[in-house]
Amino acid sequence: MTTWHKLRKRIHLLCVLIFIALPFFNFMRFDIPRERFYFFGKELWINEFAIIFFALMFLMFVIVLSSVFYGRIYCGYLCPQMIFSEASDAIDAWFRKRITKRFPTLKPPARARIARVLWLAVVGAGSVFLAFIFISYFVEPRDLLRRLASLDLHTAGGISGAAVTLVTFLDFTLVKQKFCTTVCPYGYLQGLLGDDRTLLVHYRDPGEECIDCKKCVRVCPMGIDIRTSPFQIECIHCADCIDACGDIMARLKKPNLIRYGWGVKGEPWRWTGRRVVVAAILLAYAGGLTFALTTRRPVLVRISPVRETLYRKGDDGRIYNRFRYQVANRGAQPDTVAFSIRNLPGAQLVSSANPVRVEAGKQVTGEFEIARPVSPGEALVTHFEIAAGSDRFPMTFLAPSGDPK
Ligand code: SF4
Ligand code: SF4
């Protein structure tokens with residue numbers, strides 16, 4: 001029979017693989033030096049605020065909705081802090097066992113010291129690796145690897161790498177599950193998010209069959225006794241106590257006294273007002289994200305007039321107005337943008353580069369002028385449009401008051 005513990009460990013392994021893969025394949029990464037946000041292979045620019053906002057809110061509400069339905073499942077099954085804390089404990093226990101077996105003649109304190117040194121060495125190496133993966137979410141992993149290979153501890157990347165490694169090491173040697181009950185707000189939030197049908201781990205013993213073996217307490221990674229209450233802030237719904245009691249009671253041919261259940265009464269799952277509201281918000285963010293992604297345009301053009309001088313009179317007698325453009329290619333292919341003039345008779349666009357070619361992921365800025373002959377008595381300000389691809393930009397052409405001569 002697959003126990004909850006085995007299932008949880010398999011999910012932990014999957015989560016670790018996903019945690020490692022996400023930055024390498026740009027599934028989710030916030031590149032600080034390049035000011036890019038990567039989301040499921042899409043490269044988003046930092047100024048694409050709507051998409052980043054919807055993506056973050058969508059992910060947050062996925063966790064909120066899972067908390068309303070399934071309680072602390074995130075903590076027990078998916079949270080990196082819990083996964084690595086438990087891994088650290090498991091490595092510690094494994095070394096103690098192996099050293100005891102291998103050196104039976106050594107005194108217990110000496111065996112404990114050897115096991116501790118080996119455990120610290122493994123957690124130290126693991127901390128370097130985890131810090132590397134963590135920073136890869138913010139700095140391109142290959143670039144980071146190059147810096148690490150050259151033992152770069154001077155730049156911001158090197159200093160933050162060393163700092164994150166130290167924090168990770170201290171976290172997984174000293175803090176571990178204490179983080180969940182002291183620093184992390186999620187456990188406290190769960191009290192607000194859950195309703196009377198949220199999934200719980202609870203102990204029910206109407207026949208008073210508990211033999212008080214305390215195995216459920218000994219296996220609990222949070223060190224609590226589930227028999228006292230199903231609402232303890234420390235409980236991460238990992239179900240290790242369910243496995244423990246099931247194992248003991250099976251030997252006595254009695255039913256398990258601890259189980260997962262929908263709320264304390266074990267009533268069937270159903271939609272409640274709170275669930276509908278949270279699901280509706282999640283759907284709204286999912287809709288917003290889909291809309292923002294599908295209407296996203298890879299090439300973004302901005303044009304503004306240069307008004308340090310309102311106009312200049314050329315040697316050819318024409319009046320010149322200067323404009324500044326910025327073309328950002330947020331797509332994966334090179335692109336070109338051609339500028340043209342609409343609704344300004346006799347005008348000519350004077351530019352050293354038109355159309356403008358922009359490589360993928362790059363931004364180009366430049367200036368061009370619009371020249372036109374202005375007859376006496378013509379308007380001081382003429383409204384017209386500059387076209388750039390399918391975009392139209394309303395602009396004004398300024399000329400001297402009535403007479404350019
Ligand atoms: S009480 Fe049970 S479900 Fe809760 S943390 Fe402890 S072992 Fe896990
Ligand atoms: S493991 Fe089961 S029988 Fe043993 S103390 Fe816990 S609830 Fe009672």
# chains A, B, ... in the order shown; residues from 1 in each chain; ligands from 1

call {"tool": "residues_near_ligand", "arguments": {"ligand": "ligand 1", "cutoff": "10 Å", "atoms": "only C-alpha atoms and all ligand atoms", "output": "PyMOL selection string"}}
result
chain A and resi 5+72-73+75-76+200-203+215-245+258-260

call {"tool": "residues_around", "arguments": {"residues": "range 346-361 of chain A", "least_positions_apart": "2", "cutoff": "8 Å", "atoms": "only C-alpha atoms", "output": "number ranges by chain"}}
result
A: 327-341, 344, 363-364, 367-373

call {"tool": "write_last_selection", "arguments": {"atoms": "C-alpha atoms", "output": "PDB file, in the first residue's frame"}}
result
ATOM      1  CA  VAL A 327      11.154  50.854 -30.724  1.00  0.00           C
ATOM      2  CA  ALA A 328      11.227  47.869 -28.358  1.00  0.00           C
ATOM      3  CA  ASN A 329      11.157  44.404 -29.883  1.00  0.00           C
ATOM      4  CA  ARG A 330       9.771  42.131 -27.131  1.00  0.00           C
ATOM      5  CA  GLY A 331       9.393  39.210 -29.534  1.00  0.00           C
ATOM      6  CA  ALA A 332      11.696  36.327 -30.408  1.00  0.00           C
ATOM      7  CA  GLN A 333      12.377  37.418 -34.034  1.00  0.00           C
ATOM      8  CA  PRO A 334      14.042  40.542 -35.511  1.00  0.00           C
ATOM      9  CA  ASP A 335      11.509  43.062 -36.792  1.00  0.00           C
ATOM     10  CA  THR A 336      11.363  46.317 -38.746  1.00  0.00           C
ATOM     11  CA  VAL A 337       9.180  49.365 -38.242  1.00  0.00           C
ATOM     12  CA  ALA A 338       8.553  51.879 -41.027  1.00  0.00           C
ATOM     13  CA  PHE A 339       7.518  55.448 -40.193  1.00  0.00           C
ATOM     14  CA  SER A 340       5.284  57.485 -42.490  1.00  0.00           C
ATOM     15  CA  ILE A 341       3.264  60.700 -42.359  1.00  0.00           C
ATOM     16  CA  LEU A 344       0.201  66.613 -43.550  1.00  0.00           C
ATOM     17  CA  GLN A 363      15.398  48.395 -27.978  1.00  0.00           C
ATOM     18  CA  VAL A 364      16.366  51.114 -30.430  1.00  0.00           C
ATOM     19  CA  GLU A 367      15.326  60.774 -34.042  1.00  0.00           C
ATOM     20  CA  PHE A 368      13.957  61.930 -37.359  1.00  0.00           C
ATOM     21  CA  GLU A 369      12.694  65.206 -38.746  1.00  0.00           C
ATOM     22  CA  ILE A 370       9.588  66.114 -40.665  1.00  0.00           C
ATOM     23  CA  ALA A 371      10.084  68.876 -43.204  1.00  0.00           C
ATOM     24  CA  ARG A 372       7.450  70.795 -45.054  1.00  0.00           C
ATOM     25  CA  PRO A 373       7.126  74.091 -46.918  1.00  0.00           C
TER      26      PRO A 373
END

call {"tool": "residues_around", "arguments": {"residues": "Thr290 in chain A", "least_positions_apart": "5", "cutoff": "12 Å", "atoms": "only C-alpha atoms", "output": "number ranges by chain"}}
result
A: 50-52, 54-55, 58, 283-285, 295-296

call {"tool": "write_last_selection", "arguments": {"atoms": "C-alpha atoms", "output": "mmCIF file, in the first residue's frame"}}
result
data_model
loop_
_atom_site.group_PDB
_atom_site.id
_atom_site.type_symbol
_atom_site.label_atom_id
_atom_site.label_comp_id
_atom_site.auth_asym_id
_atom_site.auth_seq_id
_atom_site.Cartn_x
_atom_site.Cartn_y
_atom_site.Cartn_z
ATOM 1 C CA ALA A 50 -0.312 44.099 -16.495
ATOM 2 C CA ILE A 51 0.948 40.646 -17.457
ATOM 3 C CA ILE A 52 3.329 40.390 -14.495
ATOM 4 C CA PHE A 54 -1.978 39.117 -13.448
ATOM 5 C CA ALA A 55 0.559 36.263 -13.440
ATOM 6 C CA PHE A 58 -3.113 34.235 -10.496
ATOM 7 C CA LEU A 283 -10.991 32.961 -12.766
ATOM 8 C CA ALA A 284 -10.981 36.750 -13.140
ATOM 9 C CA TYR A 285 -7.176 36.836 -12.807
ATOM 10 C CA THR A 295 -3.312 40.830 -26.900
ATOM 11 C CA ARG A 296 0.372 41.374 -26.213
#

call {"tool": "closest_residue", "arguments": {"among": "A:Asn321, A:Ser85, A:Asn256, A:Thr173", "to": "ligand 2", "atoms": "only C-alpha atoms and all ligand atoms"}}
result
A:Asn256

call {"tool": "select_by_dssp", "arguments": {"residues": "range 247-276 of chain A", "states": "helix (DSSP H, G or I)", "output": "PyMOL selection string"}}
result
chain A and resi 247-251+273-276

call {"tool": "atom_distance", "arguments": {"atom1": "CA of Arg324 in chain A", "atom2": "CA of Leu398 in chain A"}}
result
15.3 Å

call {"tool": "closest_residue", "arguments": {"among": "A:Pro268, A:Ser390, A:Asp247, A:Asp212", "to": "ligand 2", "atoms": "only C-alpha atoms and all ligand atoms"}}
result
A:Asp212

call {"tool": "closest_residue", "arguments": {"among": "A:Met249, A:Lys362, A:Gly314, A:Gly287", "to": "ligand 2", "atoms": "only C-alpha atoms and all ligand atoms"}}
result
A:Met249

call {"tool": "closest_residue", "arguments": {"among": "A:Ile46, A:Leu189, A:Ile11, A:Leu257", "to": "ligand 2", "atoms": "only C-alpha atoms and all ligand atoms"}}
result
A:Leu257

call {"tool": "select_by_dssp", "arguments": {"residues": "range 9-234 of chain A", "states": "strand (DSSP E)", "output": "ChimeraX atom specification"}}
result
/A:28-31,36-39,42-45,199-203

call {"tool": "write_last_selection", "arguments": {"atoms": "N, CA and C atoms", "output": "PDB file, in the first residue's frame"}}
result
ATOM      1  N   MET A  28       9.855  30.189 -15.295  1.00  0.00           N
ATOM      2  CA  MET A  28       9.517  31.273 -14.379  1.00  0.00           C
ATOM      3  C   MET A  28      10.816  31.840 -13.821  1.00  0.00           C
ATOM      4  N   ARG A  29      11.086  33.076 -14.157  1.00  0.00           N
ATOM      5  CA  ARG A  29      12.351  33.668 -13.742  1.00  0.00           C
ATOM      6  C   ARG A  29      12.239  35.179 -13.866  1.00  0.00           C
ATOM      7  N   PHE A  30      12.804  35.861 -12.896  1.00  0.00           N
ATOM      8  CA  PHE A  30      12.781  37.307 -12.918  1.00  0.00           C
ATOM      9  C   PHE A  30      14.227  37.760 -13.065  1.00  0.00           C
ATOM     10  N   ASP A  31      14.632  38.078 -14.296  1.00  0.00           N
ATOM     11  CA  ASP A  31      16.029  38.409 -14.569  1.00  0.00           C
ATOM     12  C   ASP A  31      16.274  39.877 -14.201  1.00  0.00           C
ATOM     13  N   ARG A  36      13.917  41.532 -17.151  1.00  0.00           N
ATOM     14  CA  ARG A  36      12.944  40.695 -17.866  1.00  0.00           C
ATOM     15  C   ARG A  36      12.267  39.742 -16.885  1.00  0.00           C
ATOM     16  N   PHE A  37      11.018  39.405 -17.223  1.00  0.00           N
ATOM     17  CA  PHE A  37      10.287  38.405 -16.443  1.00  0.00           C
ATOM     18  C   PHE A  37       9.941  37.270 -17.397  1.00  0.00           C
ATOM     19  N   TYR A  38      10.349  36.056 -17.049  1.00  0.00           N
ATOM     20  CA  TYR A  38      10.066  34.907 -17.923  1.00  0.00           C
ATOM     21  C   TYR A  38       8.910  34.118 -17.324  1.00  0.00           C
ATOM     22  N   PHE A  39       7.927  33.853 -18.146  1.00  0.00           N
ATOM     23  CA  PHE A  39       6.738  33.153 -17.665  1.00  0.00           C
ATOM     24  C   PHE A  39       6.326  32.140 -18.724  1.00  0.00           C
ATOM     25  N   LYS A  42       7.680  32.664 -22.151  1.00  0.00           N
ATOM     26  CA  LYS A  42       7.482  33.998 -22.740  1.00  0.00           C
ATOM     27  C   LYS A  42       8.416  34.984 -22.052  1.00  0.00           C
ATOM     28  N   GLU A  43       9.110  35.783 -22.854  1.00  0.00           N
ATOM     29  CA  GLU A  43       9.967  36.809 -22.272  1.00  0.00           C
ATOM     30  C   GLU A  43       9.163  38.098 -22.151  1.00  0.00           C
ATOM     31  N   LEU A  44       8.938  38.539 -20.936  1.00  0.00           N
ATOM     32  CA  LEU A  44       8.166  39.762 -20.715  1.00  0.00           C
ATOM     33  C   LEU A  44       9.107  40.856 -20.240  1.00  0.00           C
ATOM     34  N   TRP A  45       8.846  42.054 -20.691  1.00  0.00           N
ATOM     35  CA  TRP A  45       9.658  43.182 -20.257  1.00  0.00           C
ATOM     36  C   TRP A  45       9.090  43.695 -18.939  1.00  0.00           C
ATOM     37  N   LEU A 199     -10.163  20.577   4.156  1.00  0.00           N
ATOM     38  CA  LEU A 199      -9.524  19.301   4.501  1.00  0.00           C
ATOM     39  C   LEU A 199      -8.663  19.454   5.760  1.00  0.00           C
ATOM     40  N   LEU A 200      -8.827  18.506   6.682  1.00  0.00           N
ATOM     41  CA  LEU A 200      -8.083  18.529   7.950  1.00  0.00           C
ATOM     42  C   LEU A 200      -7.510  17.149   8.215  1.00  0.00           C
ATOM     43  N   VAL A 201      -6.499  17.104   9.063  1.00  0.00           N
ATOM     44  CA  VAL A 201      -6.065  15.819   9.611  1.00  0.00           C
ATOM     45  C   VAL A 201      -6.640  15.780  11.020  1.00  0.00           C
ATOM     46  N   HIS A 202      -7.471  14.789  11.296  1.00  0.00           N
ATOM     47  CA  HIS A 202      -8.005  14.761  12.659  1.00  0.00           C
ATOM     48  C   HIS A 202      -8.113  13.363  13.231  1.00  0.00           C
ATOM     49  N   TYR A 203      -8.135  13.391  14.537  1.00  0.00           N
ATOM     50  CA  TYR A 203      -8.129  12.159  15.320  1.00  0.00           C
ATOM     51  C   TYR A 203      -9.547  11.930  15.829  1.00  0.00           C
TER      52      TYR A 203
END

call {"tool": "closest_residue", "arguments": {"among": "A:Val306, A:Val164, A:Leu144, A:Ile211", "to": "Pro33 in chain A", "atoms": "only C-alpha atoms"}}
result
A:Leu144

call {"tool": "residues_around", "arguments": {"residues": "Met82 in chain A", "least_positions_apart": "4", "cutoff": "10 Å", "atoms": "only C-alpha atoms", "output": "PyMOL selection string"}}
result
chain A and resi 12+74-78+86-88+172+176-177+179-180+221+236

call {"tool": "atom_distance", "arguments": {"atom1": "CA of Thr165 in chain A", "atom2": "CA of Ile133 in chain A"}}
result
10.5 Å

call {"tool": "closest_residue", "arguments": {"among": "A:Arg275, A:Arg297, A:Lys214, A:Arg318", "to": "ligand 2", "atoms": "only C-alpha atoms and all ligand atoms"}}
result
A:Lys214
